[in-house]
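Quick notes on the structure that follows.
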Amino acid sequence: MPRRSPARADPPLLVACALGIERFALRGGDRAAAPGESRPGLVVLRTGMGPQAAERALADALRDGADTARSPVVASGFCAGLAPGMRPGDVVVAEATRDHRPGLPDVPCRDNGPLVGALRQRGLTVHHGLLRGSDHVVRGAERAELHASGAIAVDMESAATLRTAQRAGARPVAAVRVVVDAPEHELVRIGTVRGGISAFRVLRSVLPVFYEWHRSLLLPRR
């Protein structure tokens with residue numbers, strides 16, 4: 001496939017997720033879309049589960065010469081809520097992401113005020129704060145420990161995704177996750193209970209907000 005010249009076109013938005021069901025939701029339930037296929041101005045990348053898989057997939061997608069080498073990056077999909085009162089279907093917009101490995105700096109998510117506002121305008125419950133990374137599914141007492149450290153939600157790929165994106169070159173980054181389970185609503189399997197279905201529907205609805213955010217980044221700064 002011929003590559004676009006970065007000098008002739010704005011880079012597409014790269015939305016990274018781990019699971020097939022997340023990609024399916026983020027593509028609006030388009031079963032005809034092939035893995036990695038892009039819409040105009042958008043590439044939805046399935047990275048695979050876990051921080052190492054996310055690092056590998058992002059490093060390849062952002063390599064020199066790739067269509068997405070200069071793309072803004074959104075880490076999206078499902079997450080586990082940590083704060084009491086969170087419910088499946090709530091949305092988390094990261095102020096910053098923090099890796100599960102100690103000593104690595106947080107990755108701040110700037111320019112995400114429009115994301116928060118647009119999601120709330122759609123009637124969604126939005127939480128804004130620190131998103132923690134993990135290399136395993138977090139349950140029980142570990143949730144409380146992470147919440148006590150200042151995090152409002154946790155997932156396995158966002159921190160690795162945004163850190164890899166920043167390492168590949170300065171660019172806007174964001175992490176927008178939908179709570180699929182929470183302290184009072186632990187989920188065993190996505191799609192088997194009402195909470196999983198609610199989270200899927202919300203994730204399916206957020207793509208227009210990502211488009212608006214991407215367009216806002218392309219506007220001339222004054």
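Ligands are numbered from 1 in the order shown, residues from 1 within each chain, and chains are lettered A, B, ... in the order they appear in the structure tokens.
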
- Message: With only C-alpha atoms as the counted atoms, please give the residues lying no more than 9 Å from A:Phe200, apart from itself and same-chain residues fewer than 6 positions off, as a PyMOL selection string.
- Response: chain A and resi 21-22+25+77-78+89+178+180+190-191

- Message: Neighbouring residues of stretch 155-168 of chain A were defined as those with any atom within 9 Å, considering only C-alpha atoms; residues of the same chain fewer than 6 positions away were excluded. Please report them as a PyMOL selection string.
- Response: chain A and resi 16-18+47-59+62-64+69-76+78-80+96-100+105-107+109+131-138+174-177

Please dump the current selection as a short mmCIF file (atom, residue, chain, number, x, y, z; two decimals), in the first residue's frame; keep N, CA and C atoms.
```cif
data_model
loop_
_atom_site.label_atom_id
_atom_site.label_comp_id
_atom_site.auth_asym_id
_atom_site.auth_seq_id
_atom_site.Cartn_x
_atom_site.Cartn_y
_atom_site.Cartn_z
N ALA A 16 -5.53 3.24 19.98
CA ALA A 16 -4.98 1.93 20.32
C ALA A 16 -5.83 1.26 21.39
N CYS A 17 -6.14 -0.01 21.17
CA CYS A 17 -6.88 -0.80 22.14
C CYS A 17 -6.31 -2.21 22.15
N ALA A 18 -6.64 -2.98 23.17
CA ALA A 18 -6.01 -4.29 23.33
C ALA A 18 -6.82 -5.43 22.73
N THR A 47 -3.63 -3.83 19.80
CA THR A 47 -2.25 -4.08 20.23
C THR A 47 -2.05 -5.47 20.80
N GLY A 48 -3.12 -6.10 21.27
CA GLY A 48 -2.96 -7.29 22.09
C GLY A 48 -2.92 -6.89 23.56
N MET A 49 -3.12 -7.86 24.44
CA MET A 49 -3.27 -7.57 25.86
C MET A 49 -1.93 -7.46 26.57
N GLY A 50 -1.82 -6.50 27.47
CA GLY A 50 -0.65 -6.35 28.32
C GLY A 50 0.28 -5.24 27.88
N PRO A 51 1.09 -4.72 28.80
CA PRO A 51 1.98 -3.59 28.47
C PRO A 51 3.03 -3.92 27.44
N GLN A 52 3.58 -5.11 27.45
CA GLN A 52 4.62 -5.45 26.47
C GLN A 52 4.05 -5.51 25.07
N ALA A 53 2.87 -6.09 24.92
CA ALA A 53 2.23 -6.14 23.60
C ALA A 53 1.93 -4.73 23.10
N ALA A 54 1.47 -3.85 24.02
CA ALA A 54 1.18 -2.47 23.63
C ALA A 54 2.45 -1.75 23.17
N GLU A 55 3.54 -1.94 23.89
CA GLU A 55 4.80 -1.31 23.50
C GLU A 55 5.24 -1.75 22.11
N ARG A 56 5.17 -3.05 21.86
CA ARG A 56 5.61 -3.55 20.54
C ARG A 56 4.74 -3.01 19.42
N ALA A 57 3.43 -3.04 19.62
CA ALA A 57 2.52 -2.60 18.56
C ALA A 57 2.68 -1.11 18.28
N LEU A 58 2.81 -0.30 19.35
CA LEU A 58 2.95 1.15 19.13
C LEU A 58 4.29 1.48 18.50
N ALA A 59 5.36 0.82 18.93
CA ALA A 59 6.67 1.09 18.33
C ALA A 59 6.64 0.82 16.84
N LEU A 62 4.48 3.56 14.99
CA LEU A 62 5.05 4.90 14.99
C LEU A 62 6.47 4.95 14.43
N ARG A 63 6.87 3.87 13.78
CA ARG A 63 8.22 3.83 13.19
C ARG A 63 8.33 4.86 12.07
N ASP A 64 9.56 5.32 11.81
CA ASP A 64 9.79 6.27 10.73
C ASP A 64 9.28 5.70 9.41
N ALA A 69 3.31 7.62 11.76
CA ALA A 69 4.53 7.96 12.50
C ALA A 69 4.39 9.23 13.33
N ARG A 70 3.60 10.18 12.86
CA ARG A 70 3.43 11.46 13.57
C ARG A 70 2.04 11.61 14.21
N SER A 71 1.29 10.54 14.26
CA SER A 71 -0.10 10.62 14.68
C SER A 71 -0.27 10.98 16.15
N PRO A 72 -1.31 11.77 16.49
CA PRO A 72 -1.76 11.83 17.88
C PRO A 72 -2.25 10.45 18.27
N VAL A 73 -2.13 10.11 19.54
CA VAL A 73 -2.47 8.77 20.01
C VAL A 73 -3.47 8.84 21.15
N VAL A 74 -4.52 8.04 21.03
CA VAL A 74 -5.48 7.85 22.12
C VAL A 74 -5.43 6.38 22.53
N ALA A 75 -5.18 6.12 23.80
CA ALA A 75 -5.31 4.77 24.35
C ALA A 75 -6.75 4.62 24.84
N SER A 76 -7.43 3.60 24.35
CA SER A 76 -8.84 3.47 24.71
C SER A 76 -9.19 2.00 24.94
N PHE A 78 -11.51 -0.69 27.70
CA PHE A 78 -12.11 -0.83 29.02
C PHE A 78 -11.07 -0.64 30.12
N CYS A 79 -11.55 -0.41 31.34
CA CYS A 79 -10.67 -0.29 32.50
C CYS A 79 -11.42 -0.72 33.74
N ALA A 80 -10.68 -0.84 34.82
CA ALA A 80 -11.27 -1.12 36.13
C ALA A 80 -11.30 0.17 36.93
N ALA A 96 -3.07 11.99 33.63
CA ALA A 96 -1.74 11.43 33.40
C ALA A 96 -1.86 9.92 33.54
N THR A 97 -0.88 9.20 32.94
CA THR A 97 -0.80 7.76 33.14
C THR A 97 0.49 7.45 33.89
N ARG A 98 0.44 6.39 34.71
CA ARG A 98 1.61 6.00 35.50
C ARG A 98 1.87 4.51 35.30
N ASP A 99 3.10 4.19 34.94
CA ASP A 99 3.48 2.80 34.67
C ASP A 99 3.46 1.97 35.95
N HIS A 100 3.28 0.66 35.80
CA HIS A 100 3.30 -0.24 36.95
C HIS A 100 4.71 -0.45 37.48
N PRO A 105 8.74 8.01 34.80
CA PRO A 105 7.94 9.23 35.01
C PRO A 105 6.52 9.07 34.48
N ASP A 106 5.59 9.80 35.10
CA ASP A 106 4.22 9.84 34.59
C ASP A 106 4.21 10.48 33.21
N VAL A 107 3.24 10.10 32.40
CA VAL A 107 3.02 10.74 31.10
C VAL A 107 1.81 11.65 31.22
N CYS A 109 -1.28 14.06 30.16
CA CYS A 109 -2.18 14.14 29.00
C CYS A 109 -2.71 15.56 28.93
N LEU A 131 -4.51 7.60 35.80
CA LEU A 131 -4.79 6.26 35.31
C LEU A 131 -3.54 5.41 35.50
N ARG A 132 -3.66 4.36 36.29
CA ARG A 132 -2.51 3.51 36.59
C ARG A 132 -2.41 2.35 35.61
N GLY A 133 -1.16 1.94 35.36
CA GLY A 133 -0.91 0.75 34.57
C GLY A 133 -0.71 -0.46 35.46
N SER A 134 -0.92 -1.64 34.88
CA SER A 134 -0.70 -2.89 35.60
C SER A 134 -0.29 -3.94 34.59
N ASP A 135 0.34 -5.01 35.07
CA ASP A 135 0.67 -6.12 34.18
C ASP A 135 -0.22 -7.33 34.46
N HIS A 136 -1.32 -7.10 35.21
CA HIS A 136 -2.24 -8.19 35.53
C HIS A 136 -3.60 -7.58 35.86
N VAL A 137 -4.62 -8.43 35.89
CA VAL A 137 -5.96 -7.97 36.25
C VAL A 137 -5.99 -7.66 37.74
N VAL A 138 -6.48 -6.47 38.08
CA VAL A 138 -6.49 -6.01 39.48
C VAL A 138 -7.84 -6.29 40.10
N ALA A 174 -3.69 11.00 24.69
CA ALA A 174 -4.81 10.97 25.62
C ALA A 174 -5.13 9.51 25.94
N ALA A 175 -5.75 9.31 27.07
CA ALA A 175 -6.25 7.99 27.44
C ALA A 175 -7.70 8.17 27.87
N VAL A 176 -8.59 7.50 27.17
CA VAL A 176 -10.02 7.56 27.46
C VAL A 176 -10.52 6.12 27.59
N ARG A 177 -10.92 5.75 28.78
CA ARG A 177 -11.32 4.37 29.07
C ARG A 177 -12.73 4.34 29.64
#
```

- Choose the residue, out of A:Pro84, A:Gly196, A:Pro208, A:Pro172, that has the smallest atom-to-atom separation from A:Arg143; count only C-alpha atoms. A:Pro84

- Pick from A:Arg87, A:Arg101, A:Arg110, A:Arg139: nearest to A:His127, with only C-alpha atoms counted?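 Nearest to A:His127: A:Arg87.
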
- Best match for closeness to A:Pro114 among A:Asp60, A:Glu145, A:Glu212, A:Asp181, counting only C-alpha atoms: A:Glu212

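A straight line drawn from atom CA of A:Val93 to atom CA of A:Val206 is 11.7 Å long.
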
Return as JSON lines the residues of stretch 51-109 of chain A lying at most 10 Å from stretch 146-149 of chain A, together with the closest atom-to-atom pair for each and the distance in Å to one decimal, counting only C-alpha atoms, with rows in chain order and ascending residue number.
```
{"residue": "A:Gly81", "atom": "CA", "partner": "A:His147", "partner_atom": "CA", "distance": 9.1}
{"residue": "A:Leu82", "atom": "CA", "partner": "A:His147", "partner_atom": "CA", "distance": 5.6}
{"residue": "A:Ala83", "atom": "CA", "partner": "A:His147", "partner_atom": "CA", "distance": 6.4}
{"residue": "A:Pro84", "atom": "CA", "partner": "A:His147", "partner_atom": "CA", "distance": 9.3}
```

- Atomic separation - atom CA of A:Gly129 relative to atom CA of A:Ala94, Å: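 Those two atoms sit 5.2 Å apart.
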
- Of the candidates A:Gly123, A:Gly113, A:Gly103, A:Gly20, which shows the shortest atom-to-atom distance to A:Ser205, using only C-alpha atoms? A:Gly123

- Task: Among the residues of chain A, find those DSSP assigns to strand (DSSP E or B) from the backbone and print them as a PyMOL selection string.
- Result: chain A and resi 13-17+38-39+42-46+73-81+91-98+107-108+126-133+151-155+173-182+185

- Query: Separation of atom CA of A:Asp90 and atom CA of A:Gln121, in Å?
  - Reply: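 Taking atom CA of A:Asp90 and atom CA of A:Gln121, their separation equals 13.6 Å.
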
- If you run DSSP on the backbone, which residues of chain A are helix (DSSP H, G or I), as a VMD selection string? chain A and resid 20 to 26 51 to 61 113 to 121 141 to 148 158 to 167 194 to 205 207 to 218
